[in-house]
file input.cif (mmCIF, C-alpha atoms and all ligand atoms)
data_work
#
loop_
_atom_site.label_atom_id
_atom_site.label_comp_id
_atom_site.auth_asym_id
_atom_site.auth_seq_id
_atom_site.Cartn_x
_atom_site.Cartn_y
_atom_site.Cartn_z
CA MET A 1 17.07 28.72 51.56
CA ILE A 2 19.46 25.74 51.70
CA LYS A 3 22.98 26.73 52.86
CA GLY A 4 22.97 27.57 56.53
CA HIS A 5 19.31 26.59 56.93
CA VAL A 6 17.43 23.57 58.30
CA ALA A 7 15.70 21.05 56.01
CA LEU A 8 13.36 18.17 56.79
CA VAL A 9 13.11 15.04 54.65
CA THR A 10 10.64 12.23 55.34
CA GLY A 11 11.36 8.75 54.08
CA ALA A 12 15.00 9.78 54.53
CA GLY A 13 16.08 6.29 55.51
CA SER A 14 16.11 5.01 51.97
CA GLY A 15 15.95 5.74 48.26
CA LEU A 16 14.84 9.14 47.03
CA GLY A 17 14.55 10.56 50.55
CA ALA A 18 18.02 9.43 51.58
CA ALA A 19 19.56 10.87 48.40
CA THR A 20 17.70 14.14 48.96
CA ALA A 21 18.87 14.39 52.57
CA ARG A 22 22.46 13.76 51.52
CA HIS A 23 22.26 16.25 48.65
CA LEU A 24 20.76 19.04 50.76
CA ALA A 25 23.45 18.42 53.39
CA SER A 26 26.14 18.63 50.71
CA LEU A 27 24.74 22.05 49.82
CA GLY A 28 25.11 23.25 53.40
CA ALA A 29 21.75 22.48 54.98
CA THR A 30 21.35 20.84 58.39
CA VAL A 31 18.93 18.01 57.67
CA ALA A 32 16.37 16.29 59.90
CA CYS A 33 15.65 12.77 58.66
CA ILE A 34 12.27 11.29 59.48
CA ASP A 35 11.56 7.64 58.79
CA LEU A 36 9.39 4.81 60.07
CA THR A 37 12.63 2.85 60.31
CA GLU A 38 14.45 5.09 62.79
CA GLY A 39 17.66 3.09 62.45
CA ALA A 40 17.79 3.78 58.73
CA ALA A 41 17.16 7.49 59.34
CA ALA A 42 19.88 7.46 61.98
CA ALA A 43 22.41 5.96 59.58
CA VAL A 44 21.79 8.70 57.03
CA ALA A 45 21.69 11.42 59.69
CA ALA A 46 25.00 10.19 61.12
CA ASP A 47 26.61 10.38 57.69
CA ILE A 48 25.52 13.98 57.12
CA GLY A 49 25.61 15.42 60.64
CA GLY A 50 21.84 15.62 60.73
CA LEU A 51 19.08 14.71 63.17
CA ALA A 52 17.28 11.35 63.03
CA LEU A 53 13.61 11.24 64.00
CA GLY A 54 11.56 8.07 64.07
CA ALA A 55 7.91 8.63 63.15
CA ASP A 56 5.08 7.09 61.16
CA VAL A 57 3.91 9.96 58.94
CA SER A 58 0.36 8.58 59.01
CA ASP A 59 0.28 9.14 62.78
CA ALA A 60 -0.36 12.85 63.41
CA ALA A 61 0.71 12.69 67.05
CA ALA A 62 3.99 11.05 66.09
CA VAL A 63 4.62 13.67 63.41
CA GLU A 64 3.89 16.50 65.85
CA ALA A 65 6.20 14.97 68.45
CA ALA A 66 8.97 14.56 65.90
CA PHE A 67 8.47 18.12 64.76
CA ASP A 68 8.62 19.44 68.33
CA ARG A 69 11.98 17.70 68.73
CA LEU A 70 13.15 19.13 65.40
CA LEU A 71 12.18 22.67 66.45
CA GLU A 72 13.91 22.20 69.80
CA LYS A 73 17.12 20.76 68.37
CA LEU A 74 17.56 22.57 65.05
CA GLY A 75 14.88 25.22 64.61
CA VAL A 76 12.37 25.79 61.81
CA PRO A 77 13.00 23.88 58.57
CA ARG A 78 12.72 26.09 55.48
CA VAL A 79 12.76 23.15 53.06
CA VAL A 80 10.42 20.20 53.71
CA VAL A 81 10.51 17.22 51.34
CA SER A 82 7.98 14.40 51.79
CA CYS A 83 9.32 11.15 50.33
CA ALA A 84 7.87 8.69 52.86
CA GLY A 85 5.57 6.32 51.05
CA ILE A 86 4.63 2.76 50.21
CA GLY A 87 4.00 1.07 46.88
CA THR A 88 0.91 -1.14 46.79
CA ALA A 89 0.07 -3.76 44.21
CA ALA A 90 -3.46 -5.08 44.62
CA ARG A 91 -6.32 -5.81 42.29
CA ILE A 92 -9.78 -4.46 43.09
CA LEU A 93 -11.13 -7.92 42.21
CA PRO A 94 -8.55 -10.63 42.90
CA ARG A 95 -9.28 -14.11 41.63
CA ASP A 96 -9.87 -15.43 45.12
CA GLY A 97 -12.84 -13.06 45.57
CA SER A 98 -11.18 -11.29 48.49
CA LEU A 99 -11.61 -7.57 49.02
CA THR A 100 -8.53 -5.34 49.08
CA ILE A 101 -10.08 -2.40 50.91
CA GLY A 102 -7.57 -2.68 53.76
CA ALA A 103 -4.69 -2.28 51.33
CA PHE A 104 -6.40 0.75 49.83
CA GLU A 105 -6.88 2.36 53.24
CA ARG A 106 -3.30 1.68 54.34
CA THR A 107 -1.93 3.13 51.10
CA LEU A 108 -4.01 6.30 51.33
CA ARG A 109 -3.12 6.72 55.02
CA VAL A 110 0.61 6.63 54.42
CA ASN A 111 0.94 8.24 51.01
CA LEU A 112 -1.82 10.85 51.10
CA LEU A 113 -2.74 11.47 54.75
CA GLY A 114 0.93 11.21 55.72
CA THR A 115 1.89 13.84 53.16
CA TYR A 116 -0.96 16.13 54.27
CA THR A 117 0.00 15.69 57.92
CA VAL A 118 3.65 16.59 57.39
CA MET A 119 2.67 19.54 55.17
CA SER A 120 0.22 20.81 57.83
CA VAL A 121 2.61 20.58 60.77
CA ALA A 122 5.46 22.06 58.74
CA ALA A 123 3.39 24.94 57.35
CA ARG A 124 2.29 25.93 60.86
CA ALA A 125 5.90 26.27 62.00
CA ILE A 126 7.21 27.93 58.83
CA ALA A 127 4.36 30.47 58.74
CA ALA A 128 5.46 31.70 62.18
CA ALA A 129 9.10 32.13 61.13
CA GLU A 130 10.80 35.26 59.81
CA PRO A 131 10.67 35.92 56.06
CA LEU A 132 13.98 35.25 54.31
CA ASP A 133 13.96 37.64 51.36
CA GLY A 134 12.35 40.60 49.64
CA ASP A 135 9.55 38.41 48.33
CA GLY A 136 8.66 37.48 51.90
CA ALA A 137 9.61 33.85 51.25
CA ARG A 138 9.55 31.69 54.38
CA GLY A 139 9.89 28.15 52.99
CA VAL A 140 9.11 25.52 50.39
CA ILE A 141 7.30 22.19 50.72
CA ILE A 142 7.99 19.52 48.09
CA ASN A 143 5.77 16.42 47.97
CA THR A 144 6.32 13.20 46.05
CA ALA A 145 3.68 11.68 43.79
CA SER A 146 4.45 9.20 40.98
CA ILE A 147 3.71 9.03 37.27
CA ALA A 148 1.27 6.35 38.39
CA TYR A 149 -1.06 9.24 39.25
CA GLU A 150 -1.64 9.55 35.50
CA ASP A 151 -0.48 6.21 34.05
CA GLY A 152 -1.58 3.78 36.74
CA GLN A 153 -1.25 0.12 35.85
CA ILE A 154 -3.57 -2.80 36.61
CA GLY A 155 -3.24 -3.32 40.36
CA GLN A 156 -2.38 0.31 41.11
CA ALA A 157 -5.84 1.73 41.86
CA ALA A 158 -4.91 2.39 45.50
CA TYR A 159 -1.39 3.62 44.81
CA SER A 160 -2.47 5.84 41.92
CA ALA A 161 -5.34 7.26 43.98
CA SER A 162 -2.93 8.14 46.78
CA LYS A 163 -0.51 9.81 44.39
CA GLY A 164 -3.31 11.52 42.52
CA GLY A 165 -4.36 13.05 45.80
CA VAL A 166 -0.83 14.28 46.45
CA ALA A 167 -0.72 15.83 42.99
CA SER A 168 -4.16 17.42 43.34
CA MET A 169 -3.25 19.05 46.67
CA THR A 170 -0.40 20.98 45.08
CA LEU A 171 -2.29 23.95 43.62
CA PRO A 172 -4.81 24.57 46.42
CA ALA A 173 -2.03 24.23 49.00
CA SER A 174 0.20 26.69 47.15
CA ARG A 175 -2.70 29.14 46.72
CA GLU A 176 -3.54 29.00 50.46
CA LEU A 177 0.02 29.10 51.78
CA ALA A 178 1.12 31.93 49.46
CA ARG A 179 0.05 34.49 52.09
CA PHE A 180 2.71 32.98 54.39
CA GLY A 181 5.44 32.97 51.75
CA ILE A 182 5.39 29.18 51.48
CA ARG A 183 5.66 27.50 48.07
CA VAL A 184 4.27 24.01 47.43
CA MET A 185 5.50 21.77 44.60
CA THR A 186 5.15 18.09 43.71
CA ILE A 187 7.54 15.78 41.89
CA ALA A 188 6.03 12.79 40.03
CA PRO A 189 8.92 10.42 39.41
CA GLY A 190 8.97 7.65 36.84
CA LEU A 191 10.89 4.48 37.63
CA PHE A 192 13.89 5.17 39.90
CA GLU A 193 16.46 2.71 41.26
CA THR A 194 15.50 2.30 44.94
CA SER A 195 14.37 -0.38 47.36
CA MET A 196 10.78 0.24 46.33
CA SER A 197 11.35 -0.45 42.64
CA ALA A 198 13.70 -3.30 43.48
CA GLY A 199 10.66 -5.02 44.94
CA LEU A 200 8.82 -5.02 41.61
CA PRO A 201 8.55 -8.30 39.71
CA ASP A 202 11.29 -8.42 37.04
CA ASP A 203 8.71 -8.69 34.23
CA VAL A 204 6.84 -5.62 35.48
CA ARG A 205 10.05 -3.58 35.67
CA ALA A 206 11.16 -4.80 32.22
CA GLU A 207 7.84 -3.87 30.64
CA ILE A 208 7.99 -0.38 32.11
CA LEU A 209 11.57 0.17 30.91
CA LYS A 210 10.47 -0.68 27.36
CA ALA A 211 8.19 2.36 27.62
CA VAL A 212 10.96 4.75 28.67
CA PRO A 213 12.10 6.67 25.53
CA PHE A 214 15.25 8.48 26.69
CA PRO A 215 17.31 7.96 28.65
CA SER A 216 15.91 4.44 28.56
CA ARG A 217 16.93 3.40 32.02
CA MET A 218 15.84 3.71 35.63
CA GLY A 219 16.41 7.07 37.21
CA ASP A 220 19.13 7.61 39.80
CA ALA A 221 18.01 8.93 43.19
CA ASN A 222 20.50 11.79 42.87
CA GLU A 223 18.64 12.97 39.77
CA PHE A 224 15.55 13.31 41.96
CA ALA A 225 17.59 15.17 44.59
CA ARG A 226 18.89 17.61 41.97
CA LEU A 227 15.34 18.48 40.97
CA VAL A 228 14.57 19.20 44.63
CA GLN A 229 17.52 21.64 44.59
CA CYS A 230 16.22 23.28 41.39
CA ILE A 231 12.78 23.75 42.90
CA VAL A 232 14.15 25.27 46.10
CA GLU A 233 16.45 27.61 44.16
CA ASN A 234 13.85 28.86 41.67
CA PRO A 235 11.15 30.94 43.40
CA MET A 236 8.95 30.93 40.31
CA LEU A 237 8.31 27.20 40.73
CA ASN A 238 5.08 27.01 42.72
CA GLY A 239 1.81 25.10 42.55
CA SER A 240 2.96 22.63 39.90
CA VAL A 241 3.52 18.90 39.46
CA ILE A 242 6.74 18.03 37.61
CA ARG A 243 6.97 14.59 35.98
CA LEU A 244 10.57 13.37 36.24
CA ASP A 245 10.30 10.35 33.94
CA ALA A 246 12.43 10.45 30.74
CA ALA A 247 9.15 10.71 28.79
CA ALA A 248 7.94 7.37 30.15
CA ARG A 249 4.26 6.44 29.92
CA MET A 250 3.57 3.22 31.78
CA PRO A 251 1.92 0.31 29.93
CA ILE A 252 -1.35 -1.26 31.10
CA LYS A 253 0.58 -3.87 33.10
C1 LIG B 1 6.78 2.78 42.16
C2 LIG B 1 6.70 4.04 41.39
O1 LIG B 1 5.64 4.85 41.78
C3 LIG B 1 6.66 3.90 39.88
C4 LIG B 1 5.66 2.87 39.47
O2 LIG B 1 4.50 3.02 39.67
S1 LIG B 1 6.32 1.50 38.77
C5 LIG B 1 4.90 0.57 38.29
C6 LIG B 1 4.58 -0.40 39.35
N1 LIG B 1 3.57 -1.32 38.85
C7 LIG B 1 2.97 -2.16 39.68
O3 LIG B 1 3.21 -2.14 40.86
C8 LIG B 1 1.98 -3.11 39.08
C9 LIG B 1 0.93 -3.48 40.11
N2 LIG B 1 0.19 -4.64 39.70
C10 LIG B 1 0.65 -5.92 39.92
O4 LIG B 1 1.73 -6.13 40.46
C11 LIG B 1 -0.23 -7.04 39.47
O5 LIG B 1 -1.25 -6.56 38.62
C12 LIG B 1 -0.92 -7.78 40.65
C13 LIG B 1 0.13 -8.32 41.66
C14 LIG B 1 -1.85 -6.80 41.38
C15 LIG B 1 -1.69 -8.92 40.09
O6 LIG B 1 -0.74 -9.72 39.42
P1 LIG B 1 -1.18 -10.67 38.19
O7 LIG B 1 0.05 -11.11 37.52
O8 LIG B 1 -2.21 -10.02 37.38
O9 LIG B 1 -1.74 -11.95 38.94
P2 LIG B 1 -3.22 -12.27 39.25
O10 LIG B 1 -3.95 -11.13 39.83
O11 LIG B 1 -3.20 -13.54 40.01
O12 LIG B 1 -3.84 -12.53 37.81
C16 LIG B 1 -3.30 -13.60 37.05
C17 LIG B 1 -4.26 -13.80 35.91
O13 LIG B 1 -5.55 -14.07 36.40
C18 LIG B 1 -6.48 -13.15 35.80
N3 LIG B 1 -7.37 -12.65 36.83
C19 LIG B 1 -6.98 -11.93 37.89
N4 LIG B 1 -8.05 -11.59 38.64
C20 LIG B 1 -9.13 -12.15 38.00
C21 LIG B 1 -10.52 -12.15 38.28
N5 LIG B 1 -11.01 -11.53 39.37
N6 LIG B 1 -11.34 -12.80 37.42
C22 LIG B 1 -10.84 -13.41 36.32
N7 LIG B 1 -9.53 -13.44 36.00
C23 LIG B 1 -8.68 -12.82 36.85
C24 LIG B 1 -5.69 -11.98 35.29
O14 LIG B 1 -6.28 -11.55 34.08
C25 LIG B 1 -4.31 -12.52 35.14
O15 LIG B 1 -4.12 -12.79 33.79
P3 LIG B 1 -3.47 -11.64 32.88
O16 LIG B 1 -2.05 -12.07 32.65
O17 LIG B 1 -4.33 -11.60 31.67
O18 LIG B 1 -3.54 -10.32 33.65
N1 LIG B 2 11.34 4.44 43.27
C1 LIG B 2 10.48 4.76 42.33
O1 LIG B 2 10.53 4.25 41.19
C2 LIG B 2 9.40 5.75 42.61
C3 LIG B 2 8.69 6.27 41.53
C4 LIG B 2 7.68 7.19 41.76
C5 LIG B 2 7.39 7.61 43.05
N2 LIG B 2 8.10 7.09 44.08
C6 LIG B 2 7.77 7.58 45.42
O2 LIG B 2 8.94 8.16 45.98
C7 LIG B 2 8.88 8.07 47.40
C8 LIG B 2 10.16 7.43 47.91
O3 LIG B 2 10.18 6.12 47.39
P1 LIG B 2 11.53 5.27 47.29
O4 LIG B 2 11.58 4.69 45.93
O5 LIG B 2 12.67 6.08 47.78
O6 LIG B 2 11.18 4.09 48.29
P2 LIG B 2 11.99 3.46 49.50
O7 LIG B 2 11.16 2.31 49.92
O8 LIG B 2 13.41 3.25 49.12
O9 LIG B 2 11.95 4.62 50.61
C9 LIG B 2 10.76 4.97 51.23
C10 LIG B 2 11.06 5.30 52.67
O10 LIG B 2 9.85 5.75 53.30
C11 LIG B 2 9.78 5.14 54.56
N3 LIG B 2 8.38 5.04 54.97
C12 LIG B 2 7.43 4.20 54.48
N4 LIG B 2 6.28 4.36 55.14
C13 LIG B 2 6.50 5.32 56.09
C14 LIG B 2 5.70 5.91 57.08
N5 LIG B 2 4.42 5.52 57.26
N6 LIG B 2 6.25 6.87 57.86
C15 LIG B 2 7.55 7.24 57.71
N7 LIG B 2 8.36 6.71 56.78
C16 LIG B 2 7.83 5.76 55.98
C17 LIG B 2 10.42 3.77 54.40
O11 LIG B 2 10.85 3.26 55.65
C18 LIG B 2 11.58 4.10 53.46
O12 LIG B 2 12.74 4.42 54.17
C19 LIG B 2 7.62 7.25 47.72
O13 LIG B 2 6.56 8.14 48.06
C20 LIG B 2 7.29 6.55 46.39
O14 LIG B 2 5.91 6.28 46.25
C21 LIG B 2 9.10 6.17 43.92
#
call {"tool": "encode", "arguments": {"input": "input.cif", "output": "structure tokens"}}
result
Amino acid sequence: MIKGHVALVTGAGSGLGAATARHLASLGATVACIDLTEGAAAAVAADIGGLALGADVSDAAAVEAAFDRLLEKLGVPRVVVSCAGIGTAARILPRDGSLTIGAFERTLRVNLLGTYTVMSVAARAIAAAEPLDGDGARGVIINTASIAYEDGQIGQAAYSASKGGVASMTLPASRELARFGIRVMTIAPGLFETSMSAGLPDDVRAEILKAVPFPSRMGDANEFARLVQCIVENPMLNGSVIRLDAAARMPIK
């Protein structure tokens, strides 16, 4: 379902998405790279002979338009990996008495609604495609949560809620899309070396790394990409959330 097929990666302009796009291309896939930052997607797409598509995943019309272009240029993607997302750090009750409801809404729109939107548009196209094997497999959708869905820190109520939603969608989505031969899986990464984690305060990152048993380091984006490959290549992986975290459990803050 990789070599000689089309794949779609969102958030492909950076970090885990970029590494996944590159890895799938190295395995013989033709990869469409969606990102809010079209230039970043274009740089990755140019490197791997893929297609760059600029779109905000929280904007359904933009996602549908990007998908229409993907179908026109490359055809139906059989592997869809949603990495697009934002990290939000905001207290429910900051000292200044402000409300952080806007930050919550923005986080849920991108991380949860954006993931649902891409999954919906992709599933519609994949369900109409020819089955690829004796099982009737047509494709696999892999979403990205975070260990914060279970170990959320102070200031991560919005982020953890968004990732908890992504994790919770996995089983019902896999149950519903089974009739179309579409598998749905979620990866919940721990701390990985990307632009997102680079933006964390040094003390926050240091505290988290103390709680990473082995290997006690940040993950490499290629290690995420290799799990994507494993999921695609093993048809028995369906409806589950896989923590990819070196046994980390995040501290309270
Ligand atoms: C990215 C991948 O998915 C993997 C991961 O998830 S990696 C983990 C990422 N972790 C995070 O992003 C952490 C998110 N949280 C934060 O960054 C911080 O909590 C925050 C920026 C929201 C707040 O920062 P913080 O340092 O607490 O500053 P601030 O809110 O001003 O509070 C300073 C002090 O005032 C106190 N205070 C804050 N709000 C208060 C209030 N409403 N009333 C009274 N006291 C208050 C706090 O107790 C704090 O003291 P503390 O040291 O005992 O906590
Ligand atoms: N890096 C980590 O430690 C870590 C850990 C757990 C989960 N995650 C999750 O992994 C995913 C990838 O994160 P990353 O570390 O590679 O971050 P990153 O910031 O390096 O990459 C995220 C990419 O998503 C794009 N993006 C953001 N909002 C978008 C939107 N509305 N529409 C389209 N594209 C958008 C950004 O432009 C960026 O290129 C995110 O969902 C993140 O929450 C990251």
call {"tool": "closest_atom_pairs", "arguments": {"input": "input.cif", "of": "range 66-112 of chain A", "to": "range 166-173 of chain A", "cutoff": "10 Å", "atoms": "all atoms listed in the file", "output": "CSV"}}
result
residue,atom,partner,partner_atom,distance
A:Leu108,CA,A:Val166,CA,9.9
A:Asn111,CA,A:Val166,CA,7.8
A:Leu112,CA,A:Val166,CA,5.9
call {"tool": "axis_aligned_box", "arguments": {"input": "input.cif", "around": "range 188-201 of chain A", "padding_each_side": "4 Å", "output": "AutoDock Vina command-line options"}}
result
--center_x 11.2 --center_y 2.2 --center_z 42.1 --size_x 18.4 --size_y 29.1 --size_z 18.5
call {"tool": "closest_residue", "arguments": {"input": "input.cif", "among": "A:Arg217, A:Arg175, A:His5, A:Lys163", "to": "Cys83 in chain A", "atoms": "only C-alpha atoms"}}
result
A:Lys163
call {"tool": "residues_near_ligand", "arguments": {"input": "input.cif", "ligand": "ligand LIG 2 (chain B)", "cutoff": "7 Å", "atoms": "all atoms listed in the file", "output": "ChimeraX atom specification"}}
result
/A:10-17,34-37,40,55-58,83-87,110-111,114,144-147,188-197
call {"tool": "residues_near_ligand", "arguments": {"input": "input.cif", "ligand": "ligand LIG 1 (chain B)", "cutoff": "8 Å", "atoms": "all atoms listed in the file", "output": "PyMOL selection string"}}
result
chain A and resi 87-91+93-97+145-148+152-156+159-160+189-192+196-197+200-201+204-205+208+250+253
call {"tool": "closest_residue", "arguments": {"input": "input.cif", "among": "A:Ala32, A:Val44, A:Ala61, A:Val140", "to": "Lys73 in chain A", "atoms": "only C-alpha atoms"}}
result
A:Ala32
call {"tool": "residues_near_point", "arguments": {"input": "input.cif", "point": "(16.7, 6.5, 31.1)", "cutoff": "9 Å", "atoms": "all atoms listed in the file", "output": "count of residues only"}}
result
14
call {"tool": "closest_residue", "arguments": {"input": "input.cif", "among": "A:Leu227, A:Leu24, A:Ala137, A:Ala41", "to": "Ala178 in chain A", "atoms": "only C-alpha atoms"}}
result
A:Ala137
call {"tool": "atom_distance", "arguments": {"input": "input.cif", "atom1": "CA of Ala198 in chain A", "atom2": "CA of Lys210 in chain A"}}
result
16.6 Å
call {"tool": "closest_residue", "arguments": {"input": "input.cif", "among": "A:Ser174, A:Thr100, A:Thr115, A:Ser162", "to": "Val9 in chain A", "atoms": "all atoms listed in the file"}}
result
A:Thr115
call {"tool": "closest_residue", "arguments": {"input": "input.cif", "among": "A:Val241, A:Val184, A:Ala127, A:Leu27", "to": "Pro77 in chain A", "atoms": "all atoms listed in the file"}}
result
A:Ala127
call {"tool": "closest_residue", "arguments": {"input": "input.cif", "among": "A:Val121, A:Ala161, A:Tyr149, A:Glu233", "to": "Phe104 in chain A", "atoms": "all atoms listed in the file"}}
result
A:Ala161
call {"tool": "atom_distance", "arguments": {"input": "input.cif", "atom1": "CA of Asp59 in chain A", "atom2": "CA of Thr117 in chain A"}}
result
8.2 Å
call {"tool": "atom_distance", "arguments": {"input": "input.cif", "atom1": "CA of Gly102 in chain A", "atom2": "CA of Gly165 in chain A"}}
result
17.9 Å
call {"tool": "decode", "arguments": {"input": "input.cif", "residues": "range 72-142 of chain A", "atoms": "C-alpha atoms", "output": "short mmCIF file (atom, residue, chain, number, x, y, z; two decimals), in the first residue's frame"}}
result
data_model
loop_
_atom_site.label_atom_id
_atom_site.label_comp_id
_atom_site.auth_asym_id
_atom_site.auth_seq_id
_atom_site.Cartn_x
_atom_site.Cartn_y
_atom_site.Cartn_z
CA GLU A 72 -6.71 15.34 -10.24
CA LYS A 73 -2.91 15.33 -10.12
CA LEU A 74 -2.04 12.03 -8.43
CA GLY A 75 -5.17 9.98 -7.81
CA VAL A 76 -6.56 8.45 -4.62
CA PRO A 77 -4.17 8.30 -1.64
CA ARG A 78 -4.15 4.89 0.06
CA VAL A 79 -2.17 6.13 3.08
CA VAL A 80 -3.33 9.32 4.84
CA VAL A 81 -1.31 10.61 7.81
CA SER A 82 -2.60 13.61 9.78
CA CYS A 83 0.26 15.40 11.53
CA ALA A 84 -0.97 19.00 11.20
CA GLY A 85 -1.43 20.42 14.66
CA ILE A 86 -0.63 23.15 17.15
CA GLY A 87 0.61 22.97 20.72
CA THR A 88 -1.20 25.26 23.15
CA ALA A 89 -0.05 26.28 26.59
CA ALA A 90 -2.74 28.14 28.50
CA ARG A 91 -4.11 28.01 31.99
CA ILE A 92 -7.87 27.82 32.52
CA LEU A 93 -7.44 30.49 35.21
CA PRO A 94 -4.46 32.74 34.46
CA ARG A 95 -3.36 35.14 37.16
CA ASP A 96 -4.60 38.13 35.22
CA GLY A 97 -8.19 36.82 35.40
CA SER A 98 -8.44 36.57 31.61
CA LEU A 99 -10.37 33.76 29.97
CA THR A 100 -8.57 31.43 27.57
CA ILE A 101 -11.63 30.12 25.75
CA GLY A 102 -10.37 31.43 22.40
CA ALA A 103 -7.18 29.42 22.75
CA PHE A 104 -9.24 26.35 23.58
CA GLU A 105 -11.45 26.81 20.52
CA ARG A 106 -8.51 27.40 18.18
CA THR A 107 -6.73 24.30 19.50
CA LEU A 108 -9.77 22.06 19.10
CA ARG A 109 -10.45 23.46 15.61
CA VAL A 110 -7.00 22.65 14.31
CA ASN A 111 -6.11 19.49 16.19
CA LEU A 112 -9.49 17.76 16.45
CA LEU A 113 -11.79 19.24 13.81
CA GLY A 114 -8.88 19.40 11.36
CA THR A 115 -8.12 15.72 11.89
CA TYR A 116 -11.81 14.79 11.51
CA THR A 117 -12.11 16.88 8.36
CA VAL A 118 -9.11 15.29 6.65
CA MET A 119 -10.27 11.81 7.72
CA SER A 120 -13.78 12.48 6.33
CA VAL A 121 -12.66 13.82 2.96
CA ALA A 122 -10.05 11.08 2.59
CA ALA A 123 -12.40 8.26 3.58
CA ARG A 124 -14.95 9.39 0.98
CA ALA A 125 -12.37 9.13 -1.80
CA ILE A 126 -10.74 5.90 -0.60
CA ALA A 127 -14.10 4.15 -0.13
CA ALA A 128 -14.82 4.71 -3.83
CA ALA A 129 -11.47 3.24 -4.94
CA GLU A 130 -10.71 -0.34 -5.95
CA PRO A 131 -9.74 -2.80 -3.20
CA LEU A 132 -6.04 -3.64 -3.18
CA ASP A 133 -5.90 -7.17 -1.79
CA GLY A 134 -7.78 -10.30 -0.80
CA ASP A 135 -8.92 -8.69 2.43
CA GLY A 136 -10.59 -5.94 0.43
CA ALA A 137 -8.20 -3.35 1.89
CA ARG A 138 -8.55 0.08 0.29
CA GLY A 139 -6.47 2.31 2.59
CA VAL A 140 -5.26 3.32 6.02
CA ILE A 141 -5.69 6.58 7.94
CA ILE A 142 -3.19 7.39 10.69
#
